[in-house]
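Structure first, commentary second.
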Amino acid sequence: IYNFTQGANNTVVTPVADALQQPWFAEAMELPADLIVVTAHIDPMSPPTLLQIYTAIRNVHPHLPLILLVGHRHMLVYEIWDQNCFVLE
């Protein structure tokens with residue numbers, strides 16, 4: 001999932017907002033988990049993409065530990081988003 005609009009003609013990129021509404025995401029959120037790790041080629045400083053993913057997960061799992069491993073700018077970023085979530089680029 002990524003908001004990329006410059007892909008080749010033989011690729012399909014699902015926008016983040018659309019992917020979060022698909023059955024596979026809801027099914028994944030129903031699985032038992034002790035921790036969720038998201039890896040994404042997303043700039044953490046460019047909302048709303050990462051915030052959409054965070055919010056969708058937090059709507060189902062408000063207190064589950066969540067790690068958002070992202071990268072786009074090739075810079076070191078560490079942010080604490082809540083007491084059980086951090087972002088690392």
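Order determines the names: the first chain of the structure tokens is A, the second B, and so forth; residues in each chain are numbered 1 upward, and ligands are numbered 1 upward as they are shown.
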
- Query: What are the DSSP alpha helix (DSSP H) residues of chain A, as a ChimeraX atom specification?
  - Reply: /A:16-19,23-30,49-60

- Query: Which neighbours of range 72-85 of chain A fall inside 8 Å, counting only C-alpha atoms, when residues of the same chain fewer than 5 positions from it are skipped, and could you give them as a PyMOL selection string?
  - Reply: chain A and resi 41-43+63-67

Selection from above, N, CA and C atoms, as an mmCIF file, in the first residue's frame, can you write it?
```
data_model
loop_
_atom_site.group_PDB
_atom_site.id
_atom_site.type_symbol
_atom_site.label_atom_id
_atom_site.label_comp_id
_atom_site.auth_asym_id
_atom_site.auth_seq_id
_atom_site.Cartn_x
_atom_site.Cartn_y
_atom_site.Cartn_z
ATOM 1 N N HIS A 41 7.477 2.091 2.691
ATOM 2 C CA HIS A 41 8.308 3.088 2.005
ATOM 3 C C HIS A 41 7.519 4.397 1.968
ATOM 4 N N ILE A 42 7.360 4.980 3.158
ATOM 5 C CA ILE A 42 6.536 6.175 3.335
ATOM 6 C C ILE A 42 7.331 7.181 4.166
ATOM 7 N N ASP A 43 7.253 8.433 3.788
ATOM 8 C CA ASP A 43 7.882 9.509 4.539
ATOM 9 C C ASP A 43 7.048 9.789 5.788
ATOM 10 N N HIS A 63 -4.197 -0.377 22.270
ATOM 11 C CA HIS A 63 -3.091 -0.458 23.220
ATOM 12 C C HIS A 63 -2.009 -1.461 22.830
ATOM 13 N N LEU A 64 -2.178 -2.156 21.729
ATOM 14 C CA LEU A 64 -1.194 -3.153 21.301
ATOM 15 C C LEU A 64 0.097 -2.445 20.886
ATOM 16 N N PRO A 65 1.255 -2.962 21.282
ATOM 17 C CA PRO A 65 2.504 -2.354 20.824
ATOM 18 C C PRO A 65 2.558 -2.311 19.293
ATOM 19 N N LEU A 66 2.969 -1.169 18.779
ATOM 20 C CA LEU A 66 2.973 -0.916 17.339
ATOM 21 C C LEU A 66 4.283 -0.245 16.964
ATOM 22 N N ILE A 67 4.977 -0.833 16.003
ATOM 23 C CA ILE A 67 6.223 -0.265 15.499
ATOM 24 C C ILE A 67 6.018 0.053 14.028
#
```

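Near range 7-17 of chain A, within 12 Å and counting only C-alpha atoms, sit Ile1, Tyr2, Asn3, Phe4, Leu20, Gln21, Gln22, Phe25, Ala40, His41, Ile42, Pro47, Pro48, Thr49, Leu50, Leu51, Gln52, Ile53, Tyr54, Thr55 and Ala56 of chain A, not including residues fewer than 3 positions from it in the same chain.
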
- Query: How many Å lie between CA of Met45 in chain A and CA of Asn59 in chain A, rounded to one decimal?
  - Reply: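 That distance, rounded to one decimal, is 21.4 Å.
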
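A straight line drawn from CA of Ala28 in chain A to CA of Ser46 in chain A is 25.2 Å long.
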
- Message: Give me, as JSON, numbers by chain, the residues of range 19-78 of chain A that a backbone DSSP run labels strand (DSSP E or B).
- Response: {"A": [36, 37, 38, 39, 40, 66, 67, 68, 69, 70, 78]}

- Between CA of Val87 in chain A and CA of Arg58 in chain A lies a distance of 14.2 Å

- Message: Taking only C-alpha atoms into account, name the residue in A:Phe86, A:Pro62, A:Val70, A:Ile57 that is nearest to Ala26 in chain A.
- Response: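 Using only C-alpha atoms, the shortest distance to Ala26 in chain A belongs to A:Ile57.
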